[in-house]
file model_24.cif (mmCIF, C-alpha atoms)
data_my_file
loop_
_atom_site.label_atom_id
_atom_site.label_comp_id
_atom_site.auth_asym_id
_atom_site.auth_seq_id
_atom_site.Cartn_x
_atom_site.Cartn_y
_atom_site.Cartn_z
CA MET A 1 8.84 -47.50 -15.69
CA LYS A 2 9.53 -43.96 -16.86
CA ILE A 3 7.10 -41.62 -15.09
CA GLY A 4 6.84 -38.06 -16.38
CA VAL A 5 6.76 -35.22 -13.85
CA HIS A 6 6.02 -31.58 -14.65
CA PRO A 7 5.63 -28.75 -12.11
CA ASN A 8 1.85 -28.44 -12.32
CA ASN A 9 0.99 -32.05 -11.47
CA LEU A 10 1.49 -32.02 -7.72
CA HIS A 11 0.52 -35.67 -7.27
CA LEU A 12 3.38 -36.97 -9.42
CA ARG A 13 5.67 -34.19 -8.23
CA LEU A 14 5.16 -35.46 -4.69
CA ALA A 15 5.35 -39.09 -5.78
CA ARG A 16 8.88 -38.49 -7.06
CA LEU A 17 9.86 -37.38 -3.53
CA TRP A 18 7.64 -39.75 -1.53
CA PRO A 19 9.39 -42.64 0.27
CA GLY A 20 8.93 -45.96 -1.53
CA ALA A 21 6.75 -44.58 -4.34
CA PHE A 22 6.16 -47.04 -7.21
CA VAL A 23 8.97 -49.26 -5.93
CA ASP A 24 7.51 -52.38 -7.56
CA LEU A 25 7.67 -50.66 -10.96
CA GLN A 26 11.35 -49.65 -10.62
CA PRO A 27 10.48 -46.02 -11.42
CA ILE A 28 12.59 -43.53 -13.29
CA PHE A 29 11.13 -40.05 -12.85
CA ILE A 30 11.57 -37.83 -15.90
CA SER A 31 11.17 -34.08 -15.38
CA TYR A 32 9.77 -31.85 -18.12
CA ALA A 33 8.42 -28.34 -18.47
CA GLU A 34 4.64 -28.57 -18.72
CA GLY A 35 1.64 -30.81 -19.28
CA ARG A 36 1.23 -29.97 -22.95
CA ASP A 37 4.52 -31.79 -23.63
CA THR A 38 3.16 -35.08 -22.27
CA ALA A 39 1.78 -36.51 -25.53
CA ALA A 40 5.03 -35.92 -27.44
CA LEU A 41 7.07 -37.57 -24.68
CA LEU A 42 4.73 -40.57 -24.58
CA GLU A 43 4.82 -40.81 -28.37
CA SER A 44 8.63 -40.79 -28.45
CA GLY A 45 8.89 -43.32 -25.63
CA ASP A 46 10.71 -40.89 -23.34
CA ILE A 47 8.04 -41.53 -20.69
CA ASP A 48 5.58 -44.38 -20.11
CA LEU A 49 3.07 -42.49 -17.95
CA GLY A 50 2.10 -38.86 -17.46
CA GLY A 51 -0.35 -36.81 -15.45
CA THR A 52 -2.13 -33.70 -16.74
CA GLY A 53 -5.41 -31.87 -16.68
CA SER A 54 -8.29 -33.11 -18.80
CA THR A 55 -7.43 -31.42 -22.10
CA PRO A 56 -3.99 -32.78 -23.17
CA PRO A 57 -5.16 -36.41 -23.54
CA ILE A 58 -8.05 -35.27 -25.72
CA GLU A 59 -5.61 -33.25 -27.82
CA ALA A 60 -3.51 -36.42 -28.14
CA ASP A 61 -6.50 -38.52 -29.21
CA MET A 62 -7.38 -35.85 -31.79
CA ARG A 63 -3.91 -36.46 -33.25
CA GLY A 64 -4.70 -40.18 -33.50
CA LEU A 65 -2.25 -41.24 -30.80
CA GLY A 66 -4.59 -43.71 -29.09
CA VAL A 67 -4.78 -42.56 -25.48
CA GLU A 68 -5.18 -45.11 -22.72
CA TYR A 69 -6.53 -43.58 -19.51
CA VAL A 70 -5.11 -45.14 -16.34
CA ALA A 71 -6.52 -43.20 -13.37
CA ALA A 72 -8.23 -39.97 -12.40
CA SER A 73 -8.21 -37.71 -9.39
CA ALA A 74 -11.26 -36.46 -7.57
CA PRO A 75 -12.61 -33.16 -8.95
CA ARG A 76 -10.46 -30.17 -8.01
CA PRO A 77 -12.87 -27.23 -8.10
CA ALA A 78 -10.45 -24.83 -6.41
CA ASN A 79 -7.52 -25.34 -8.78
CA GLY A 80 -8.31 -22.82 -11.51
CA ALA A 81 -9.74 -19.32 -11.81
CA VAL A 82 -9.96 -16.25 -14.01
CA PHE A 83 -8.63 -12.95 -12.64
CA VAL A 84 -8.80 -9.33 -13.80
CA ARG A 85 -7.09 -6.23 -12.41
CA ARG A 86 -8.70 -4.76 -9.31
CA GLY A 87 -9.63 -1.55 -11.15
CA SER A 88 -10.72 -3.26 -14.38
CA PRO A 89 -14.14 -2.37 -15.78
CA ILE A 90 -14.65 -6.11 -16.42
CA GLY A 91 -17.12 -7.27 -13.82
CA SER A 92 -18.17 -10.65 -15.17
CA VAL A 93 -17.38 -13.32 -17.74
CA ALA A 94 -19.90 -11.71 -20.10
CA GLU A 95 -17.67 -8.64 -20.26
CA LEU A 96 -14.66 -10.64 -21.51
CA LYS A 97 -15.92 -10.35 -25.09
CA GLY A 98 -13.19 -8.91 -27.29
CA ARG A 99 -10.68 -8.94 -24.43
CA ARG A 100 -7.16 -10.37 -24.32
CA ILE A 101 -6.88 -13.38 -22.02
CA SER A 102 -3.65 -15.07 -20.95
CA LEU A 103 -3.77 -18.83 -20.49
CA ILE A 104 -1.96 -22.07 -21.17
CA ASP A 105 -3.90 -22.84 -24.32
CA GLY A 106 -4.41 -26.55 -24.93
CA SER A 107 -4.57 -27.23 -21.19
CA PHE A 108 -7.62 -27.32 -18.92
CA HIS A 109 -7.44 -23.50 -19.06
CA THR A 110 -8.98 -23.67 -22.53
CA TYR A 111 -11.89 -25.79 -21.32
CA LEU A 112 -12.46 -23.61 -18.26
CA LEU A 113 -12.57 -20.53 -20.47
CA ALA A 114 -14.86 -22.19 -23.03
CA ARG A 115 -17.40 -23.38 -20.46
CA SER A 116 -17.36 -20.05 -18.63
CA LEU A 117 -17.97 -18.14 -21.87
CA GLU A 118 -20.65 -20.58 -22.98
CA GLY A 119 -22.61 -19.86 -19.83
CA GLU A 120 -22.88 -16.25 -21.02
CA GLY A 121 -23.78 -17.06 -24.63
CA LEU A 122 -20.21 -16.48 -25.83
CA SER A 123 -17.57 -18.76 -27.35
CA LEU A 124 -13.80 -18.93 -27.62
CA PRO A 125 -13.66 -16.90 -30.87
CA ASP A 126 -15.28 -14.03 -28.96
CA VAL A 127 -12.06 -13.44 -26.99
CA GLU A 128 -8.39 -13.09 -27.85
CA ARG A 129 -6.38 -15.97 -26.40
CA GLU A 130 -2.91 -14.72 -25.54
CA ARG A 131 -0.54 -17.67 -25.15
CA VAL A 132 1.88 -16.01 -22.78
CA GLU A 133 1.20 -18.13 -19.70
CA SER A 134 3.40 -21.23 -19.46
CA GLY A 135 4.52 -23.81 -16.98
CA ALA A 136 7.63 -21.75 -16.25
CA ARG A 137 6.20 -18.24 -16.42
CA ASP A 138 3.04 -16.67 -15.08
CA SER A 139 1.15 -13.70 -16.49
CA LEU A 140 0.57 -11.66 -13.35
CA ALA A 141 2.84 -8.85 -14.56
CA ASP A 142 1.16 -8.89 -17.99
CA LEU A 143 -2.21 -8.49 -16.28
CA LEU A 144 -1.14 -5.75 -13.89
CA GLU A 145 0.64 -3.79 -16.63
CA GLY A 146 -2.29 -4.01 -19.03
CA ARG A 147 -0.81 -6.27 -21.71
CA VAL A 148 -3.71 -8.66 -21.12
CA ASP A 149 -7.18 -8.01 -19.70
CA ALA A 150 -7.69 -11.30 -17.88
CA TRP A 151 -5.58 -14.17 -16.62
CA VAL A 152 -6.43 -17.87 -16.22
CA ALA A 153 -4.40 -19.04 -13.22
CA MET A 154 -3.93 -22.34 -11.41
CA SER A 155 -2.24 -23.60 -8.26
CA PRO A 156 0.10 -22.58 -6.75
CA ARG A 157 -0.08 -19.22 -8.56
CA LEU A 158 -3.80 -19.05 -7.91
CA GLU A 159 -3.46 -19.17 -4.11
CA LYS A 160 -0.85 -16.43 -4.21
CA ALA A 161 -3.09 -14.30 -6.45
CA LEU A 162 -6.00 -14.70 -4.03
CA GLU A 163 -3.91 -13.03 -1.32
CA ARG A 164 -3.27 -9.91 -3.45
CA ASP A 165 -5.35 -6.76 -3.39
CA ASP A 166 -4.50 -5.65 -6.94
CA VAL A 167 -6.34 -8.47 -8.76
CA ARG A 168 -9.95 -9.62 -8.61
CA LEU A 169 -11.51 -13.07 -9.12
CA ILE A 170 -14.40 -13.32 -11.61
CA VAL A 171 -14.87 -17.10 -11.97
CA ARG A 172 -13.63 -20.25 -10.21
CA CYS A 173 -13.20 -23.72 -11.73
CA GLY A 174 -15.86 -25.39 -9.66
CA ALA A 175 -18.56 -23.26 -11.25
CA ALA A 176 -17.66 -24.52 -14.73
CA ILE A 177 -15.71 -27.80 -14.95
CA PRO A 178 -14.76 -30.83 -12.78
CA ASN A 179 -11.04 -30.14 -13.28
CA ARG A 180 -9.61 -33.56 -12.50
CA SER A 181 -6.06 -34.71 -12.98
CA LEU A 182 -5.85 -37.56 -15.49
CA PHE A 183 -3.05 -40.12 -15.47
CA TRP A 184 -2.58 -41.64 -18.89
CA THR A 185 -0.40 -43.37 -21.43
CA LEU A 186 -0.70 -44.44 -25.08
CA GLU A 187 -1.97 -47.84 -26.14
CA ARG A 188 1.22 -48.36 -28.14
CA ASN A 189 3.26 -48.26 -24.92
CA GLY A 190 1.66 -51.55 -23.91
CA LEU A 191 1.24 -51.21 -20.17
CA SER A 192 -0.01 -54.48 -18.73
CA ALA A 193 -3.14 -54.85 -16.62
CA GLU A 194 -0.91 -55.60 -13.63
CA GLU A 195 1.14 -52.43 -14.22
CA ILE A 196 -2.02 -50.33 -14.49
CA ARG A 197 -3.41 -51.80 -11.25
CA SER A 198 -0.10 -51.07 -9.55
CA ILE A 199 -0.10 -47.47 -10.79
CA VAL A 200 -3.64 -46.87 -9.52
CA SER A 201 -2.82 -48.49 -6.18
CA GLU A 202 0.32 -46.40 -5.69
CA LEU A 203 -1.31 -43.12 -6.70
CA SER A 204 -4.12 -43.89 -4.27
CA ARG A 205 -1.75 -44.83 -1.44
CA ILE A 206 0.36 -41.71 -1.89
CA GLY A 207 -2.79 -39.59 -2.03
CA VAL A 208 -4.01 -41.01 1.28
CA GLU A 209 -0.63 -40.35 2.91
CA ILE A 210 -0.47 -36.78 1.55
CA THR A 211 -3.91 -36.09 3.00
CA ALA A 212 -2.89 -37.57 6.34
CA ASP A 213 0.23 -35.39 6.59
CA PRO A 214 -0.12 -32.26 4.44
CA ARG A 215 2.72 -30.57 6.34
CA ALA A 216 5.15 -33.28 5.25
CA ALA A 217 3.96 -32.88 1.66
CA ALA A 218 4.40 -29.12 1.91
CA ARG A 219 7.97 -29.55 3.15
CA LEU A 220 8.80 -31.74 0.16
CA LEU A 221 7.32 -29.23 -2.28
CA ALA A 222 9.10 -26.30 -0.61
CA SER A 223 12.42 -28.16 -0.61
CA GLY A 224 12.72 -27.57 -4.34
CA ASP A 225 11.88 -23.87 -4.10
CA ARG A 226 14.58 -21.23 -4.05
CA GLY A 227 15.21 -19.88 -0.58
CA GLY A 228 13.90 -22.99 1.14
CA SER A 229 15.56 -22.19 4.48
CA GLY A 230 15.11 -19.77 7.34
CA ASP A 231 12.05 -17.51 7.44
CA ARG A 232 11.56 -17.72 3.68
CA GLY A 233 11.59 -21.52 3.90
CA ARG A 234 8.88 -21.48 6.57
CA THR A 235 6.82 -19.10 4.45
CA ASP A 236 7.11 -21.41 1.46
CA ILE A 237 6.08 -24.41 3.54
CA ASP A 238 3.06 -22.53 4.89
CA ALA A 239 2.03 -21.51 1.36
CA TRP A 240 2.41 -25.04 0.02
CA GLU A 241 0.44 -26.46 2.94
CA LYS A 242 -2.51 -24.25 1.95
CA VAL A 243 -2.27 -25.60 -1.59
CA VAL A 244 -2.10 -29.22 -0.42
CA ARG A 245 -5.02 -28.81 1.99
CA SER A 246 -7.14 -27.17 -0.74
CA ARG A 247 -7.31 -30.24 -2.94
CA ASP A 248 -8.54 -33.81 -2.79
CA PHE A 249 -5.72 -36.25 -3.53
CA THR A 250 -8.08 -39.22 -3.90
CA VAL A 251 -7.40 -41.25 -7.06
CA PHE A 252 -9.80 -43.63 -8.83
CA PRO A 253 -9.45 -46.21 -11.61
CA ILE A 254 -10.91 -45.00 -14.90
CA ASP A 255 -14.63 -45.61 -15.25
CA ASP A 256 -17.44 -44.69 -17.62
CA GLU A 257 -18.17 -41.45 -15.74
CA ILE A 258 -14.67 -40.14 -16.39
CA ILE A 259 -14.86 -41.05 -20.07
CA ALA A 260 -18.24 -39.30 -20.30
CA GLU A 261 -16.71 -36.15 -18.78
CA GLN A 262 -13.88 -36.30 -21.30
CA GLN A 263 -16.40 -36.74 -24.12
CA GLU A 264 -18.34 -33.70 -22.93
CA GLU A 265 -15.14 -31.67 -22.99
CA ALA A 266 -14.25 -32.88 -26.50
CA ASP A 267 -17.74 -31.98 -27.73
CA THR A 268 -17.60 -28.56 -26.06
CA LEU A 269 -14.24 -27.67 -27.59
CA LEU A 270 -15.54 -28.81 -30.97
CA ARG A 271 -18.52 -26.44 -30.63
CA HIS A 272 -16.12 -23.62 -29.84
CA GLY A 273 -13.95 -24.32 -32.88
CA HIS A 274 -10.92 -25.39 -30.85
CA PHE A 275 -11.13 -28.81 -32.52
CA SER A 276 -11.86 -29.17 -36.23
CA LYS A 277 -13.42 -32.65 -36.13
CA PRO A 278 -15.50 -34.75 -33.73
CA ILE A 279 -14.08 -37.66 -31.82
CA VAL A 280 -15.75 -40.52 -29.93
CA LEU A 281 -13.91 -41.45 -26.76
CA LYS A 282 -14.22 -44.99 -25.44
CA ARG A 283 -13.09 -46.68 -22.29
CA ARG A 284 -10.41 -49.10 -23.32
CA GLU A 285 -10.65 -52.33 -21.35
CA THR A 286 -7.20 -53.55 -20.39
CA THR A 287 -6.96 -57.29 -20.97
CA ARG A 288 -3.24 -57.69 -21.48
#

call {"tool": "encode", "arguments": {"input": "model_24.cif", "output": "structure tokens"}}
result
Amino acid sequence: MKIGVHPNNLHLRLARLWPGAFVDLQPIFISYAEGRDTAALLESGDIDLGGTGSTPPIEADMRGLGVEYVAASAPRPANGAVFVRRGSPIGSVAELKGRRISLIDGSFHTYLLARSLEGEGLSLPDVERERVESGARDSLADLLEGRVDAWVAMSPRLEKALERDDVRLIVRCGAAIPNRSLFWTLERNGLSAEEIRSIVSELSRIGVEITADPRAAARLLASGDRGGSGDRGRTDIDAWEKVVRSRDFTVFPIDDEIIAEQQEEADTLLRHGHFSKPIVLKRRETTR
């Protein structure tokens, strides 16, 4: 099985390094740049399974690709936030109107921004979405140097931003959206019921082991970082351990609650004009 791994899905990033992960499925881990590429890689057959935030699979279904949800993480309320400069006159989400906001558009960032704005009687067209954030590049410098007015950040950049005194938090994920990780494929890829059960079981097992030994998980994550030795290496491990401890690595099979959450997101993004047509999401029972 070809399992896609991008930097922002820590569960699969750790699974690639975890002893014995997915051994029954003879895994081949395929690295790629960011979650928004997942649908194209599934469509081309380059991967069989991917893990992203909540928005990319809805984007894929909007394209008619026939998403099949496999598993979902517990909510991760700490894994996303909106920052402004420390000295910015922006004091709340309501004051983002007309402002330039950096985000990974088409990811859960878009949904977080939409729900946050909606709570203040605003919508996505009321702000300027600057697509300068990416999986490989963050927008901290753009924020500090005034090229954007606000920045939607996620782990591990978020934790590092929280330690700075030149930026200020105005909203956190947990106040707006569940922010789960979704593990998914396309119906056309034909995963069997046995394969899906095995995926859920392995994701769950790895999650339990990560939670039991967050220091070991942090070491694995830091091992791929530049300067992963000496004092810098210890600093990286400490930083990653904070990230690992901040999230719930529990994984569940897909159920009606998850599909309802996805439907709510699809309806919200339709209201905000991000999508041009409605879609009805259904739980696809795997009988193969």

call {"tool": "closest_residue", "arguments": {"input": "model_24.cif", "among": "A:Leu49, A:Leu220, A:Val70, A:Ala266", "to": "A:His6", "atoms": "all atoms listed in the file"}}
result
A:Leu49

call {"tool": "residues_around", "arguments": {"input": "model_24.cif", "residues": "A:Ala222", "least_positions_apart": "4", "cutoff": "7 Å", "atoms": "all atoms listed in the file", "output": "list in words"}}
result
Ala218, Gly228, Asp236, Ile237 and Trp240 of chain A

call {"tool": "write_last_selection", "arguments": {"input": "model_24.cif", "atoms": "C-alpha atoms", "output": "PDB file, in the coordinates of the input"}}
result
ATOM      1  CA  ALA A 218       4.400 -29.120   1.910  1.00  0.00           C
ATOM      2  CA  GLY A 228      13.900 -22.990   1.140  1.00  0.00           C
ATOM      3  CA  ASP A 236       7.110 -21.410   1.460  1.00  0.00           C
ATOM      4  CA  ILE A 237       6.080 -24.410   3.540  1.00  0.00           C
ATOM      5  CA  TRP A 240       2.410 -25.040   0.020  1.00  0.00           C
TER       6      TRP A 240
END

call {"tool": "resolve_selection", "arguments": {"input": "model_24.cif", "expression": "the PyMOL selection byres ((chain A and resi 126) around 9)", "output": "ChimeraX atom specification"}}
result
/A:96-99,117,122-125,127-128

call {"tool": "resolve_selection", "arguments": {"input": "model_24.cif", "expression": "the PyMOL selection byres ((chain A and resi 94) around 10)", "output": "ChimeraX atom specification"}}
result
/A:90-93,95-97,116-122

call {"tool": "write_last_selection", "arguments": {"input": "model_24.cif", "atoms": "C-alpha atoms", "output": "PDB file, keeping the file's coordinate frame"}}
result
ATOM      1  CA  ILE A  90     -14.650  -6.110 -16.420  1.00  0.00           C
ATOM      2  CA  GLY A  91     -17.120  -7.270 -13.820  1.00  0.00           C
ATOM      3  CA  SER A  92     -18.170 -10.650 -15.170  1.00  0.00           C
ATOM      4  CA  VAL A  93     -17.380 -13.320 -17.740  1.00  0.00           C
ATOM      5  CA  GLU A  95     -17.670  -8.640 -20.260  1.00  0.00           C
ATOM      6  CA  LEU A  96     -14.660 -10.640 -21.510  1.00  0.00           C
ATOM      7  CA  LYS A  97     -15.920 -10.350 -25.090  1.00  0.00           C
ATOM      8  CA  SER A 116     -17.360 -20.050 -18.630  1.00  0.00           C
ATOM      9  CA  LEU A 117     -17.970 -18.140 -21.870  1.00  0.00           C
ATOM     10  CA  GLU A 118     -20.650 -20.580 -22.980  1.00  0.00           C
ATOM     11  CA  GLY A 119     -22.610 -19.860 -19.830  1.00  0.00           C
ATOM     12  CA  GLU A 120     -22.880 -16.250 -21.020  1.00  0.00           C
ATOM     13  CA  GLY A 121     -23.780 -17.060 -24.630  1.00  0.00           C
ATOM     14  CA  LEU A 122     -20.210 -16.480 -25.830  1.00  0.00           C
TER      15      LEU A 122
END

call {"tool": "residues_around", "arguments": {"input": "model_24.cif", "residues": "A:Ser107", "least_positions_apart": "3", "cutoff": "10 Å", "atoms": "only C-alpha atoms", "output": "MDAnalysis selection string"}}
result
chainID A and resid 34:36 52:59 103:104 110:112

call {"tool": "atom_distance", "arguments": {"input": "model_24.cif", "atom1": "atom CA of A:Ser181", "atom2": "atom CA of A:Glu43"}}
result
19.8 Å

call {"tool": "resolve_selection", "arguments": {"input": "model_24.cif", "expression": "the PyMOL selection byres ((chain A and resi 258) around 12)", "output": "mmCIF file with C-alpha atoms, in the frame of the given file"}}
result
data_model
loop_
_atom_site.group_PDB
_atom_site.id
_atom_site.type_symbol
_atom_site.label_atom_id
_atom_site.label_comp_id
_atom_site.auth_asym_id
_atom_site.auth_seq_id
_atom_site.Cartn_x
_atom_site.Cartn_y
_atom_site.Cartn_z
ATOM 1 C CA SER A 54 -8.290 -33.110 -18.800
ATOM 2 C CA TYR A 69 -6.530 -43.580 -19.510
ATOM 3 C CA VAL A 70 -5.110 -45.140 -16.340
ATOM 4 C CA ALA A 71 -6.520 -43.200 -13.370
ATOM 5 C CA ALA A 72 -8.230 -39.970 -12.400
ATOM 6 C CA SER A 73 -8.210 -37.710 -9.390
ATOM 7 C CA ALA A 74 -11.260 -36.460 -7.570
ATOM 8 C CA PRO A 75 -12.610 -33.160 -8.950
ATOM 9 C CA PRO A 178 -14.760 -30.830 -12.780
ATOM 10 C CA ASN A 179 -11.040 -30.140 -13.280
ATOM 11 C CA ARG A 180 -9.610 -33.560 -12.500
ATOM 12 C CA SER A 181 -6.060 -34.710 -12.980
ATOM 13 C CA LEU A 182 -5.850 -37.560 -15.490
ATOM 14 C CA PHE A 183 -3.050 -40.120 -15.470
ATOM 15 C CA VAL A 251 -7.400 -41.250 -7.060
ATOM 16 C CA PHE A 252 -9.800 -43.630 -8.830
ATOM 17 C CA PRO A 253 -9.450 -46.210 -11.610
ATOM 18 C CA ILE A 254 -10.910 -45.000 -14.900
ATOM 19 C CA ASP A 255 -14.630 -45.610 -15.250
ATOM 20 C CA ASP A 256 -17.440 -44.690 -17.620
ATOM 21 C CA GLU A 257 -18.170 -41.450 -15.740
ATOM 22 C CA ILE A 259 -14.860 -41.050 -20.070
ATOM 23 C CA ALA A 260 -18.240 -39.300 -20.300
ATOM 24 C CA GLU A 261 -16.710 -36.150 -18.780
ATOM 25 C CA GLN A 262 -13.880 -36.300 -21.300
ATOM 26 C CA GLN A 263 -16.400 -36.740 -24.120
ATOM 27 C CA GLU A 264 -18.340 -33.700 -22.930
ATOM 28 C CA GLU A 265 -15.140 -31.670 -22.990
ATOM 29 C CA LEU A 281 -13.910 -41.450 -26.760
ATOM 30 C CA LYS A 282 -14.220 -44.990 -25.440
ATOM 31 C CA ARG A 283 -13.090 -46.680 -22.290
#

call {"tool": "atom_distance", "arguments": {"input": "model_24.cif", "atom1": "atom CA of A:Leu41", "atom2": "atom CA of A:His274"}}
result
22.6 Å

call {"tool": "residues_around", "arguments": {"input": "model_24.cif", "residues": "A:Glu195", "least_positions_apart": "3", "cutoff": "10 Å", "atoms": "all atoms listed in the file", "output": "PyMOL selection string"}}
result
chain A and resi 1+24-25+70+190-192+198-201+288

call {"tool": "closest_residue", "arguments": {"input": "model_24.cif", "among": "A:Arg205, A:Glu130, A:Phe108, A:Ala239", "to": "A:Glu163", "atoms": "only C-alpha atoms"}}
result
A:Ala239
